[in-house]
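As stored in data28.csv (CSV, C-alpha atoms):
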chain,number,residue,atom,x,y,z
A,1,MET,CA,14.7,-151.6,-84.3
A,2,LEU,CA,17.3,-149.5,-86.2
A,3,THR,CA,18.4,-151.0,-89.5
A,4,VAL,CA,21.7,-150.2,-91.1
A,5,VAL,CA,21.9,-151.0,-94.8
A,6,VAL,CA,25.5,-151.6,-96.0
A,7,ALA,CA,26.3,-151.1,-99.7
A,8,ASP,CA,29.1,-153.7,-100.1
A,9,SER,CA,32.0,-155.2,-98.2
A,10,GLU,CA,34.3,-152.2,-99.0
A,11,ALA,CA,31.8,-149.7,-97.7
A,12,ARG,CA,31.3,-151.8,-94.6
A,13,SER,CA,35.0,-152.0,-93.8
A,14,SER,CA,35.9,-148.5,-95.0
A,15,PHE,CA,33.0,-146.3,-93.9
A,16,VAL,CA,31.0,-148.1,-91.3
A,17,GLU,CA,33.0,-147.7,-88.0
A,18,PRO,CA,32.2,-149.1,-84.6
A,19,ASP,CA,31.9,-145.8,-82.9
A,20,ALA,CA,29.2,-144.7,-85.4
A,21,ILE,CA,27.3,-148.0,-84.9
A,22,ALA,CA,27.5,-147.4,-81.1
A,23,LEU,CA,25.5,-144.2,-81.6
A,24,LEU,CA,22.6,-146.3,-83.0
A,25,GLU,CA,22.9,-149.1,-80.5
A,26,ALA,CA,22.4,-146.5,-77.7
A,27,VAL,CA,18.8,-146.0,-78.9
A,28,GLY,CA,17.8,-149.4,-80.3
A,29,ALA,CA,18.8,-152.8,-81.8
A,30,VAL,CA,20.8,-152.7,-85.0
A,31,ARG,CA,20.3,-155.1,-87.9
A,32,PHE,CA,22.8,-155.3,-90.7
A,33,LEU,CA,21.9,-156.0,-94.2
A,34,ASP,CA,24.9,-157.0,-96.3
A,35,PRO,CA,24.5,-157.8,-100.1
A,36,THR,CA,27.8,-159.7,-100.0
A,37,VAL,CA,26.0,-162.2,-97.8
A,38,THR,CA,22.4,-162.1,-99.1
A,39,PRO,CA,21.9,-163.6,-102.6
A,40,ALA,CA,20.7,-161.1,-105.2
A,41,ASN,CA,17.3,-162.8,-105.7
A,42,ARG,CA,16.5,-162.4,-101.9
A,43,ARG,CA,17.8,-158.9,-101.2
A,44,LEU,CA,14.6,-156.9,-102.0
A,45,THR,CA,12.4,-159.4,-100.0
A,46,GLU,CA,14.8,-159.2,-97.0
A,47,PHE,CA,15.0,-155.4,-97.2
A,48,GLU,CA,11.2,-155.1,-97.2
A,49,ALA,CA,10.8,-157.5,-94.3
A,50,VAL,CA,13.3,-155.7,-92.1
A,51,ALA,CA,12.1,-152.2,-93.1
A,52,ALA,CA,8.6,-153.1,-92.0
A,53,ASP,CA,9.6,-153.0,-88.3
A,54,ALA,CA,12.3,-150.3,-88.5
A,55,ARG,CA,12.1,-146.9,-86.8
A,56,ALA,CA,15.2,-145.8,-88.8
A,57,LEU,CA,17.0,-146.8,-91.9
A,58,VAL,CA,20.6,-145.8,-92.1
A,59,PHE,CA,22.4,-146.3,-95.4
A,60,ALA,CA,26.2,-146.5,-95.7
A,61,PRO,CA,27.4,-143.8,-98.1
A,62,TRP,CA,26.1,-144.4,-101.7
A,63,GLY,CA,24.6,-147.7,-100.6
A,64,THR,CA,21.3,-149.3,-101.6
A,65,PHE,CA,21.8,-152.8,-100.4
A,66,GLY,CA,22.6,-154.0,-104.0
A,67,VAL,CA,19.0,-153.3,-105.1
A,68,ASP,CA,18.6,-151.3,-108.3
A,69,THR,CA,15.3,-149.7,-107.2
A,70,ILE,CA,13.1,-150.3,-104.2
A,71,SER,CA,9.5,-150.7,-105.0
A,72,PRO,CA,7.4,-147.6,-104.0
A,73,GLY,CA,4.9,-149.9,-102.4
A,74,CYS,CA,7.5,-151.0,-99.9
A,75,TRP,CA,7.2,-147.7,-98.1
A,76,ASP,CA,3.5,-148.2,-97.4
A,77,LEU,CA,4.5,-151.2,-95.2
A,78,THR,CA,6.7,-149.3,-92.8
A,79,PRO,CA,4.3,-147.9,-90.1
A,80,SER,CA,7.1,-147.4,-87.5
A,81,LEU,CA,9.6,-145.6,-89.8
A,82,ARG,CA,10.6,-142.2,-88.6
A,83,VAL,CA,13.8,-141.4,-90.6
A,84,ILE,CA,15.7,-142.5,-93.7
A,85,SER,CA,19.3,-141.3,-93.4
A,86,GLY,CA,22.2,-141.7,-95.7
A,87,THR,CA,24.5,-140.1,-98.3
A,88,PHE,CA,22.6,-139.9,-101.6
A,89,ALA,CA,23.3,-136.6,-103.3
A,90,HIS,CA,19.7,-136.2,-104.4
A,91,ARG,CA,19.2,-139.8,-105.5
A,92,PHE,CA,16.4,-140.7,-103.1
A,93,GLN,CA,13.9,-141.2,-105.9
A,94,GLU,CA,16.3,-142.8,-108.3
A,95,TRP,CA,17.5,-145.4,-105.8
A,96,LEU,CA,14.8,-145.7,-103.2
A,97,GLY,CA,11.6,-145.1,-105.2
A,98,LEU,CA,10.3,-142.7,-102.6
A,99,ASP,CA,7.2,-140.6,-103.0
A,100,LEU,CA,8.7,-137.6,-101.2
A,101,ALA,CA,5.4,-135.8,-100.6
A,102,ALA,CA,3.8,-138.9,-99.2
A,103,THR,CA,6.8,-139.7,-97.0
A,104,GLU,CA,6.7,-136.2,-95.6
A,105,ARG,CA,3.0,-136.4,-94.9
A,106,ARG,CA,3.6,-139.6,-92.9
A,107,GLY,CA,6.2,-137.7,-90.7
A,108,VAL,CA,9.2,-139.5,-92.0
A,109,GLN,CA,12.3,-137.4,-92.0
A,110,ILE,CA,14.6,-137.7,-95.0
A,111,VAL,CA,18.3,-137.0,-94.3
A,112,ASP,CA,21.1,-136.6,-96.9
A,113,THR,CA,24.6,-136.0,-95.5
A,114,ALA,CA,26.1,-135.5,-99.0
A,115,ARG,CA,26.0,-131.7,-98.2
A,116,SER,CA,28.8,-132.4,-95.7
A,117,LEU,CA,31.1,-133.1,-98.7
A,118,SER,CA,30.7,-129.6,-100.2
A,119,PRO,CA,33.6,-128.0,-98.3
A,120,LEU,CA,35.9,-130.8,-99.5
A,121,VAL,CA,34.8,-130.3,-103.1
A,122,ALA,CA,35.3,-126.5,-102.8
A,123,GLU,CA,38.8,-127.1,-101.5
A,124,PHE,CA,39.5,-129.3,-104.5
A,125,ALA,CA,38.1,-126.7,-106.9
A,126,LEU,CA,40.5,-124.2,-105.4
A,127,GLY,CA,43.3,-126.7,-105.9
A,128,MET,CA,42.3,-127.1,-109.6
A,129,ILE,CA,42.3,-123.4,-110.1
A,130,LEU,CA,45.9,-123.1,-108.7
A,131,SER,CA,47.1,-126.0,-110.7
A,132,LEU,CA,45.9,-124.4,-113.9
A,133,LEU,CA,47.3,-121.0,-113.1
A,134,ARG,CA,50.7,-122.4,-112.4
A,135,ASP,CA,50.6,-125.2,-115.0
A,136,VAL,CA,51.5,-127.7,-112.4
A,137,PRO,CA,50.8,-130.9,-114.3
A,138,ALA,CA,53.0,-129.9,-117.2
A,139,ARG,CA,55.8,-128.9,-114.9
A,140,VAL,CA,55.6,-132.2,-113.0
A,141,ALA,CA,55.6,-134.1,-116.3
A,142,ALA,CA,58.7,-132.2,-117.5
A,143,MET,CA,60.5,-133.0,-114.2
A,144,ARG,CA,59.7,-136.7,-114.6
A,145,ARG,CA,61.2,-136.6,-118.1
A,146,GLY,CA,64.4,-135.3,-116.7
A,147,GLU,CA,63.9,-131.8,-117.9
A,148,TRP,CA,64.1,-128.5,-116.0
A,149,TRP,CA,62.3,-125.2,-116.5
A,150,ASP,CA,64.0,-122.0,-115.5
A,151,GLY,CA,62.1,-119.4,-117.6
A,152,TRP,CA,60.0,-116.5,-116.3
A,153,GLU,CA,57.1,-116.7,-118.7
A,154,ASP,CA,53.6,-117.9,-117.6
A,155,VAL,CA,51.5,-120.1,-119.9
A,156,ARG,CA,51.3,-118.0,-123.0
A,157,GLY,CA,47.8,-116.9,-124.1
A,158,PHE,CA,46.1,-118.0,-120.9
A,159,VAL,CA,45.2,-116.6,-117.5
A,160,ALA,CA,48.2,-117.7,-115.4
A,161,GLY,CA,50.4,-116.9,-112.5
A,162,GLU,CA,48.8,-115.3,-109.4
A,163,LEU,CA,45.2,-115.9,-108.3
A,164,ALA,CA,45.3,-112.7,-106.3
A,165,GLY,CA,43.0,-110.1,-107.9
A,166,ARG,CA,41.5,-112.3,-110.5
A,167,ARG,CA,37.9,-112.1,-111.7
A,168,VAL,CA,36.2,-115.3,-110.7
A,169,GLY,CA,32.7,-116.2,-111.9
A,170,LEU,CA,30.6,-118.8,-110.0
A,171,ALA,CA,27.9,-120.6,-111.9
A,172,GLY,CA,25.6,-121.5,-109.0
A,173,PHE,CA,25.9,-120.3,-105.4
A,174,GLY,CA,25.0,-123.3,-103.3
A,175,ALA,CA,27.2,-125.0,-100.7
A,176,ILE,CA,30.2,-125.7,-102.9
A,177,CYS,CA,30.4,-122.3,-104.5
A,178,ARG,CA,29.6,-120.5,-101.2
A,179,ARG,CA,32.5,-122.2,-99.5
A,180,LEU,CA,34.7,-121.5,-102.6
A,181,ALA,CA,33.9,-117.8,-102.3
A,182,GLU,CA,35.0,-117.9,-98.7
A,183,LEU,CA,38.3,-119.7,-99.7
A,184,LEU,CA,38.9,-117.0,-102.4
A,185,ALA,CA,38.4,-114.1,-100.1
A,186,PRO,CA,42.0,-113.9,-98.8
A,187,PHE,CA,43.2,-113.7,-102.4
A,188,GLY,CA,41.3,-110.5,-103.0
A,189,CYS,CA,39.5,-111.9,-106.1
A,190,THR,CA,36.5,-110.1,-107.6
A,191,VAL,CA,33.9,-112.8,-107.2
A,192,THR,CA,30.6,-112.7,-109.1
A,193,ALA,CA,27.9,-115.3,-109.2
A,194,TYR,CA,24.8,-116.2,-111.2
A,195,ASP,CA,22.1,-118.2,-109.4
A,196,PRO,CA,18.4,-117.5,-110.0
A,197,PHE,CA,17.6,-118.9,-106.6
A,198,VAL,CA,19.8,-116.6,-104.6
A,199,SER,CA,19.0,-112.9,-104.3
A,200,ALA,CA,21.4,-110.1,-105.1
A,201,ALA,CA,21.2,-109.0,-101.5
A,202,ALA,CA,22.2,-112.5,-100.2
A,203,LEU,CA,25.1,-112.5,-102.7
A,204,ALA,CA,26.1,-109.0,-101.5
A,205,GLU,CA,26.1,-110.2,-97.9
A,206,ALA,CA,28.6,-112.9,-98.9
A,207,GLY,CA,30.8,-110.3,-100.6
A,208,VAL,CA,29.8,-111.6,-104.1
A,209,GLY,CA,28.5,-109.6,-107.1
A,210,ALA,CA,25.5,-110.7,-109.1
A,211,ALA,CA,25.4,-111.4,-112.8
A,212,SER,CA,22.2,-111.2,-114.9
A,213,SER,CA,22.7,-114.5,-116.7
A,214,LEU,CA,25.2,-117.3,-117.1
A,215,ALA,CA,26.4,-115.6,-120.4
A,216,ASP,CA,26.8,-112.3,-118.6
A,217,LEU,CA,28.8,-114.1,-115.9
A,218,ALA,CA,31.0,-115.8,-118.5
A,219,VAL,CA,31.9,-112.5,-120.3
A,220,GLY,CA,33.4,-111.0,-117.2
A,221,SER,CA,35.2,-114.0,-115.9
A,222,GLU,CA,38.9,-114.9,-116.1
A,223,ILE,CA,38.1,-118.0,-114.1
A,224,PHE,CA,34.7,-119.6,-114.5
A,225,VAL,CA,33.6,-122.2,-112.0
A,226,VAL,CA,30.6,-124.4,-112.5
A,227,GLY,CA,28.8,-125.6,-109.3
A,228,ILE,CA,25.3,-126.4,-110.7
A,229,PRO,CA,23.6,-129.7,-109.8
A,230,VAL,CA,21.9,-131.9,-112.4
A,231,THR,CA,18.1,-131.7,-112.7
A,232,PRO,CA,15.9,-132.0,-115.8
A,233,ALA,CA,16.0,-128.2,-115.9
A,234,THR,CA,19.8,-127.8,-115.7
A,235,ARG,CA,21.0,-130.4,-118.2
A,236,GLY,CA,23.1,-128.6,-120.7
A,237,VAL,CA,22.4,-125.2,-119.1
A,238,VAL,CA,26.1,-124.2,-119.5
A,239,ASP,CA,25.6,-124.3,-123.3
A,240,ARG,CA,27.5,-123.2,-126.3
A,241,ALA,CA,26.4,-119.6,-125.9
A,242,VAL,CA,27.8,-119.5,-122.4
A,243,ILE,CA,31.0,-121.3,-123.3
A,244,ASP,CA,31.6,-119.1,-126.3
A,245,ALA,CA,31.0,-116.0,-124.1
A,246,LEU,CA,34.1,-116.9,-122.1
A,247,PRO,CA,37.1,-114.7,-123.0
A,248,SER,CA,39.8,-116.3,-124.9
A,249,GLY,CA,42.5,-117.5,-122.5
A,250,SER,CA,40.2,-117.9,-119.6
A,251,LEU,CA,40.0,-120.9,-117.3
A,252,PHE,CA,37.0,-123.3,-116.9
A,253,VAL,CA,36.6,-125.3,-113.7
A,254,LEU,CA,33.9,-128.0,-113.3
A,255,ALA,CA,33.1,-128.7,-109.7
A,256,SER,CA,29.6,-130.3,-110.1
A,257,ARG,CA,28.4,-132.5,-112.9
A,258,MET,CA,29.3,-132.6,-116.6
A,259,ALA,CA,25.6,-133.2,-117.5
A,260,VAL,CA,25.0,-129.4,-117.0
A,261,VAL,CA,27.7,-128.6,-119.6
A,262,GLU,CA,27.5,-128.8,-123.4
A,263,GLN,CA,30.6,-131.0,-123.7
A,264,ASP,CA,31.3,-130.5,-127.5
A,265,ALA,CA,31.4,-126.8,-127.1
A,266,LEU,CA,33.8,-127.0,-124.2
A,267,TRP,CA,36.2,-129.5,-125.9
A,268,ARG,CA,36.1,-127.5,-129.2
A,269,ARG,CA,37.4,-124.4,-127.4
A,270,THR,CA,40.1,-126.3,-125.5
A,271,ARG,CA,41.3,-128.0,-128.7
A,272,ALA,CA,41.4,-124.6,-130.4
A,273,GLY,CA,43.7,-123.3,-127.6
A,274,GLU,CA,41.1,-120.8,-126.5
A,275,LEU,CA,40.3,-122.2,-123.0
A,276,ARG,CA,42.0,-124.3,-120.4
A,277,ALA,CA,39.7,-126.5,-118.3
A,278,ALA,CA,40.0,-128.5,-115.1
A,279,VAL,CA,37.3,-131.2,-115.0
A,280,ASP,CA,36.7,-133.7,-112.2
A,281,VAL,CA,33.4,-135.2,-113.3
A,282,PHE,CA,32.5,-136.6,-116.7
A,283,GLU,CA,29.5,-138.0,-118.6
A,284,PRO,CA,29.6,-140.9,-118.9
A,285,GLU,CA,31.9,-142.2,-116.1
A,286,PRO,CA,34.3,-143.6,-116.7
A,287,PRO,CA,34.8,-141.8,-120.0
A,288,PRO,CA,36.1,-143.8,-122.9
A,289,ALA,CA,39.8,-144.5,-122.8
A,290,ASP,CA,40.3,-142.8,-126.2
A,291,SER,CA,38.4,-139.6,-125.3
A,292,PRO,CA,40.3,-136.7,-126.9
A,293,PHE,CA,40.4,-134.6,-123.7
A,294,ARG,CA,42.5,-137.2,-122.0
A,295,THR,CA,45.5,-136.1,-124.1
A,296,ASP,CA,44.5,-132.4,-124.6
A,297,GLU,CA,47.2,-130.3,-123.0
A,298,ASN,CA,44.7,-127.7,-122.2
A,299,VAL,CA,42.6,-130.0,-120.1
A,300,LEU,CA,43.4,-131.1,-116.5
A,301,PRO,CA,41.2,-134.2,-116.0
A,302,THR,CA,40.9,-136.0,-112.7
A,303,PRO,CA,38.8,-139.1,-112.0
A,304,HIS,CA,35.9,-137.7,-109.9
A,305,ILE,CA,38.0,-137.3,-106.7
A,306,GLY,CA,36.7,-133.9,-105.5
A,307,GLY,CA,34.7,-135.4,-102.6
A,308,ASN,CA,36.2,-138.9,-102.7
A,309,THR,CA,38.2,-139.5,-99.5
A,310,ALA,CA,37.7,-142.3,-97.0
A,311,HIS,CA,37.8,-139.8,-94.2
A,312,ALA,CA,35.0,-137.7,-95.6
A,313,ASN,CA,32.8,-140.8,-96.3
A,314,ARG,CA,33.4,-142.1,-92.8
A,315,ARG,CA,32.2,-138.7,-91.6
A,316,CYS,CA,29.2,-138.9,-93.8
A,317,PHE,CA,28.2,-142.2,-92.2
A,318,ARG,CA,28.8,-141.0,-88.7
A,319,LEU,CA,26.6,-137.9,-89.5
A,320,ALA,CA,23.9,-140.2,-90.9
A,321,CYS,CA,23.9,-142.1,-87.7
A,322,LEU,CA,23.8,-139.0,-85.6
A,323,GLU,CA,20.9,-137.6,-87.7
A,324,ALA,CA,19.0,-140.9,-87.3
A,325,VAL,CA,19.3,-140.7,-83.5
A,326,ARG,CA,18.2,-137.1,-83.5
A,327,ALA,CA,15.1,-137.9,-85.5
A,328,VAL,CA,14.2,-141.0,-83.4
A,329,ASN,CA,14.5,-138.8,-80.3
A,330,GLY,CA,12.1,-136.2,-81.8
A,331,GLU,CA,14.8,-133.6,-82.7
A,332,ALA,CA,15.3,-131.8,-86.0
A,333,PRO,CA,18.2,-133.3,-88.1
A,334,ALA,CA,20.7,-130.8,-89.3
A,335,TYR,CA,20.8,-132.4,-92.7
A,336,ALA,CA,17.1,-133.0,-93.2
A,337,MET,CA,15.6,-132.4,-96.7
A,338,THR,CA,15.0,-128.8,-97.4
A,339,PRO,CA,12.6,-127.2,-99.9
A,340,VAL,CA,15.6,-126.7,-102.2
A,341,ASP,CA,16.5,-130.4,-101.9
A,342,ALA,CA,12.9,-131.4,-102.6
A,343,ALA,CA,12.9,-129.4,-105.8
A,344,ILE,CA,16.1,-131.2,-106.9
A,345,TYR,CA,14.8,-134.6,-106.0
A,346,ALA,CA,11.6,-133.9,-107.9
A,347,GLY,CA,13.4,-132.4,-110.9
A,348,SER,CA,11.1,-129.4,-110.8
A,349,ALA,CA,13.6,-126.6,-110.3
A,350,ALA,CA,17.3,-125.7,-110.9
A,351,PRO,CA,18.6,-124.6,-107.6
A,352,ALA,CA,22.4,-124.3,-106.9
A,353,ASP,CA,24.4,-127.2,-105.5
A,354,VAL,CA,23.5,-128.1,-101.9
Target encoding structure tokens, full file:
Amino acid sequence: MLTVVVADSEARSSFVEPDAIALLEAVGAVRFLDPTVTPANRRLTEFEAVAADARALVFAPWGTFGVDTISPGCWDLTPSLRVISGTFAHRFQEWLGLDLAATERRGVQIVDTARSLSPLVAEFALGMILSLLRDVPARVAAMRRGEWWDGWEDVRGFVAGELAGRRVGLAGFGAICRRLAELLAPFGCTVTAYDPFVSAAALAEAGVGAASSLADLAVGSEIFVVGIPVTPATRGVVDRAVIDALPSGSLFVLASRMAVVEQDALWRRTRAGELRAAVDVFEPEPPPADSPFRTDENVLPTPHIGGNTAHANRRCFRLACLEAVRAVNGEAPAYAMTPVDAAIYAGSAAPADV
């Protein structure tokens, strides 16, 4: 039996489409688990009962069947299981209570299709860069106030105007920043990256220079893009020293998680008029309604929408289904957990976004 775990009614209607389910039905029976139907006090019991006979567990994007954490012991009772597939962005341990090493020894493939969102996030990061360079939000706001702007000056004191030829620093060189580097190529930017898990030769092959540290990267950047995932080792890694190393007037773009940034240092420099920042992810979320950055004219805040489109999440679910079918058929899933993923899940390393 193949089991599909649906996060909630919205996920079921928005992300779980019939053509994706048909892929699963071609290789086995499909059982739906829906927390909008199952009472909270019965969800874990029902999940464990169904998982015990499943060859594949396919989770709708960001779904855990309404269970905070699945007991690690549950996975000892799944002798037929061959694959766990879903969109988790490194949260397999946090949500599913998996012992990753034990799961791998039992021959269970772990699939995370969150990586398929990386190109979408990279596109959004490019959009944030262009918005800051041309001060688009302020111009739109002025138009809505009935005003008009017919001057020739760029935003005074900040990197502004063209993207072409700018010096762009990429903190991390995983899937998001790799794709962003490709998107920047036609602009003729000088792109440099710092990632301790990517060799200088690999960066050079991608047409990207190598910095010796995050602070070294910051010093030479007109536009500084953060694409580092959260692990115990990366929390706050973009610290005060890194942020203070950014030249006055430069642009800061956060494409991954705020937990890797020392927030107070960032907001101090935006309030002082020394940096402009585009931030799509916050800590906590949602941020308090009275957060000063909400009204800081040097901050472009968006509500975590970089990878948040219905189309992309439907694709994530379809990929999760395809990957489950591949695993059940003895094939290697394209989005299977990698050694880098395992390090992220275990919190034992600080690799770039994946």
Distance query Leu126 in chain A at most 9 Å, only C-alpha atoms, self and fewer than 6 positions along chain excluded, as number ranges by chain
A: 180, 183-184
Nearest to Pro292 in chain A: which of A:Met128, A:Gly306, A:Trp62, A:Leu266 is it, counting all atoms listed in the file?
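Selected residue with least distance to Pro292 in chain A: A:Leu266.
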Give me, as a PyMOL selection string, all polymer residues having an atom no more than 8 Å from range 131-143 of chain A, counting only C-alpha atoms and skipping those fewer than 4 positions away in the same chain.
chain A and resi 127+147-149+154-155+159-163+251+276-278+300
Go through A:Leu214, A:Ala49, A:Cys177, A:Val191 and flag the residue nearest Val121 in chain A, using all atoms listed in the file for the distances.
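When distances to Val121 in chain A are compared using all atoms listed in the file, the smallest one comes from A:Cys177.
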Residue contacts of range 201-204 of chain A (12 Å, all atoms listed in the file) excluding same-chain residues fewer than 2 positions away, as a PDB file with C-alpha atoms, keeping the file's coordinate frame:
ATOM      1  CA  LEU A 170      30.600-118.800-110.000  1.00  0.00           C
ATOM      2  CA  GLY A 172      25.600-121.500-109.000  1.00  0.00           C
ATOM      3  CA  PHE A 173      25.900-120.300-105.400  1.00  0.00           C
ATOM      4  CA  GLY A 174      25.000-123.300-103.300  1.00  0.00           C
ATOM      5  CA  CYS A 177      30.400-122.300-104.500  1.00  0.00           C
ATOM      6  CA  ARG A 178      29.600-120.500-101.200  1.00  0.00           C
ATOM      7  CA  ALA A 181      33.900-117.800-102.300  1.00  0.00           C
ATOM      8  CA  GLU A 182      35.000-117.900 -98.700  1.00  0.00           C
ATOM      9  CA  VAL A 191      33.900-112.800-107.200  1.00  0.00           C
ATOM     10  CA  THR A 192      30.600-112.700-109.100  1.00  0.00           C
ATOM     11  CA  ALA A 193      27.900-115.300-109.200  1.00  0.00           C
ATOM     12  CA  TYR A 194      24.800-116.200-111.200  1.00  0.00           C
ATOM     13  CA  ASP A 195      22.100-118.200-109.400  1.00  0.00           C
ATOM     14  CA  PRO A 196      18.400-117.500-110.000  1.00  0.00           C
ATOM     15  CA  PHE A 197      17.600-118.900-106.600  1.00  0.00           C
ATOM     16  CA  VAL A 198      19.800-116.600-104.600  1.00  0.00           C
ATOM     17  CA  SER A 199      19.000-112.900-104.300  1.00  0.00           C
ATOM     18  CA  ALA A 206      28.600-112.900 -98.900  1.00  0.00           C
ATOM     19  CA  GLY A 207      30.800-110.300-100.600  1.00  0.00           C
ATOM     20  CA  VAL A 208      29.800-111.600-104.100  1.00  0.00           C
ATOM     21  CA  GLY A 209      28.500-109.600-107.100  1.00  0.00           C
ATOM     22  CA  ALA A 210      25.500-110.700-109.100  1.00  0.00           C
ATOM     23  CA  ALA A 211      25.400-111.400-112.800  1.00  0.00           C
TER      24      ALA A 211
END
Hey, can you pull every residue with an atom no more than 12 Å from (23.6, -144.1, -87.1), using only C-alpha atoms, and send it as a short mmCIF file (atom, residue, chain, number, x, y, z; two decimals) with C-alpha atoms, in the coordinates of the input?
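Contents of out-v8.cif, as written:
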data_model
loop_
_atom_site.label_atom_id
_atom_site.label_comp_id
_atom_site.auth_asym_id
_atom_site.auth_seq_id
_atom_site.Cartn_x
_atom_site.Cartn_y
_atom_site.Cartn_z
CA MET A 1 14.70 -151.60 -84.30
CA LEU A 2 17.30 -149.50 -86.20
CA THR A 3 18.40 -151.00 -89.50
CA VAL A 4 21.70 -150.20 -91.10
CA VAL A 5 21.90 -151.00 -94.80
CA VAL A 6 25.50 -151.60 -96.00
CA PHE A 15 33.00 -146.30 -93.90
CA VAL A 16 31.00 -148.10 -91.30
CA GLU A 17 33.00 -147.70 -88.00
CA PRO A 18 32.20 -149.10 -84.60
CA ASP A 19 31.90 -145.80 -82.90
CA ALA A 20 29.20 -144.70 -85.40
CA ILE A 21 27.30 -148.00 -84.90
CA ALA A 22 27.50 -147.40 -81.10
CA LEU A 23 25.50 -144.20 -81.60
CA LEU A 24 22.60 -146.30 -83.00
CA GLU A 25 22.90 -149.10 -80.50
CA ALA A 26 22.40 -146.50 -77.70
CA VAL A 27 18.80 -146.00 -78.90
CA GLY A 28 17.80 -149.40 -80.30
CA ALA A 29 18.80 -152.80 -81.80
CA VAL A 30 20.80 -152.70 -85.00
CA ARG A 31 20.30 -155.10 -87.90
CA PHE A 32 22.80 -155.30 -90.70
CA ARG A 55 12.10 -146.90 -86.80
CA ALA A 56 15.20 -145.80 -88.80
CA LEU A 57 17.00 -146.80 -91.90
CA VAL A 58 20.60 -145.80 -92.10
CA PHE A 59 22.40 -146.30 -95.40
CA ALA A 60 26.20 -146.50 -95.70
CA PRO A 61 27.40 -143.80 -98.10
CA VAL A 83 13.80 -141.40 -90.60
CA ILE A 84 15.70 -142.50 -93.70
CA SER A 85 19.30 -141.30 -93.40
CA GLY A 86 22.20 -141.70 -95.70
CA THR A 87 24.50 -140.10 -98.30
CA VAL A 111 18.30 -137.00 -94.30
CA THR A 113 24.60 -136.00 -95.50
CA ARG A 314 33.40 -142.10 -92.80
CA ARG A 315 32.20 -138.70 -91.60
CA CYS A 316 29.20 -138.90 -93.80
CA PHE A 317 28.20 -142.20 -92.20
CA ARG A 318 28.80 -141.00 -88.70
CA LEU A 319 26.60 -137.90 -89.50
CA ALA A 320 23.90 -140.20 -90.90
CA CYS A 321 23.90 -142.10 -87.70
CA LEU A 322 23.80 -139.00 -85.60
CA GLU A 323 20.90 -137.60 -87.70
CA ALA A 324 19.00 -140.90 -87.30
CA VAL A 325 19.30 -140.70 -83.50
CA ARG A 326 18.20 -137.10 -83.50
CA ALA A 327 15.10 -137.90 -85.50
CA VAL A 328 14.20 -141.00 -83.40
#
Atom pair CA of Ile176 in chain A / CA of Glu285 in chain A: separation (Å):
21.2 Å
Per residue of range 252-310 of chain A within 8 Å of range 221-227 of chain A, what are the shortest atom pair and its distance in Å to one decimal, counting only C-alpha atoms, with rows by chain and residue number, as CSV?
residue,atom,partner,partner_atom,distance
A:Phe252,CA,A:Phe224,CA,5.0
A:Val253,CA,A:Val225,CA,4.6
A:Leu254,CA,A:Val226,CA,4.9
A:Ala255,CA,A:Gly227,CA,5.3
A:Ser256,CA,A:Gly227,CA,4.8
A:Arg257,CA,A:Gly227,CA,7.8
Neighbouring residues of Ala265 in chain A were defined as those with any atom within 10 Å, considering all atoms listed in the file; residues of the same chain fewer than 5 positions away were excluded. Please report them as a PDB file with C-alpha atoms, in the coordinates of the input.
ATOM      1  CA  VAL A 238      26.100-124.200-119.500  1.00  0.00           C
ATOM      2  CA  ASP A 239      25.600-124.300-123.300  1.00  0.00           C
ATOM      3  CA  ARG A 240      27.500-123.200-126.300  1.00  0.00           C
ATOM      4  CA  ALA A 241      26.400-119.600-125.900  1.00  0.00           C
ATOM      5  CA  VAL A 242      27.800-119.500-122.400  1.00  0.00           C
ATOM      6  CA  ILE A 243      31.000-121.300-123.300  1.00  0.00           C
ATOM      7  CA  ASP A 244      31.600-119.100-126.300  1.00  0.00           C
ATOM      8  CA  THR A 270      40.100-126.300-125.500  1.00  0.00           C
TER       9      THR A 270
END
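Of the listed residues A:Ser291, A:Ser118, A:Thr78, A:Asn313, the one whose atoms come nearest to Asp264 in chain A is A:Ser291, with distances taken using only C-alpha atoms.
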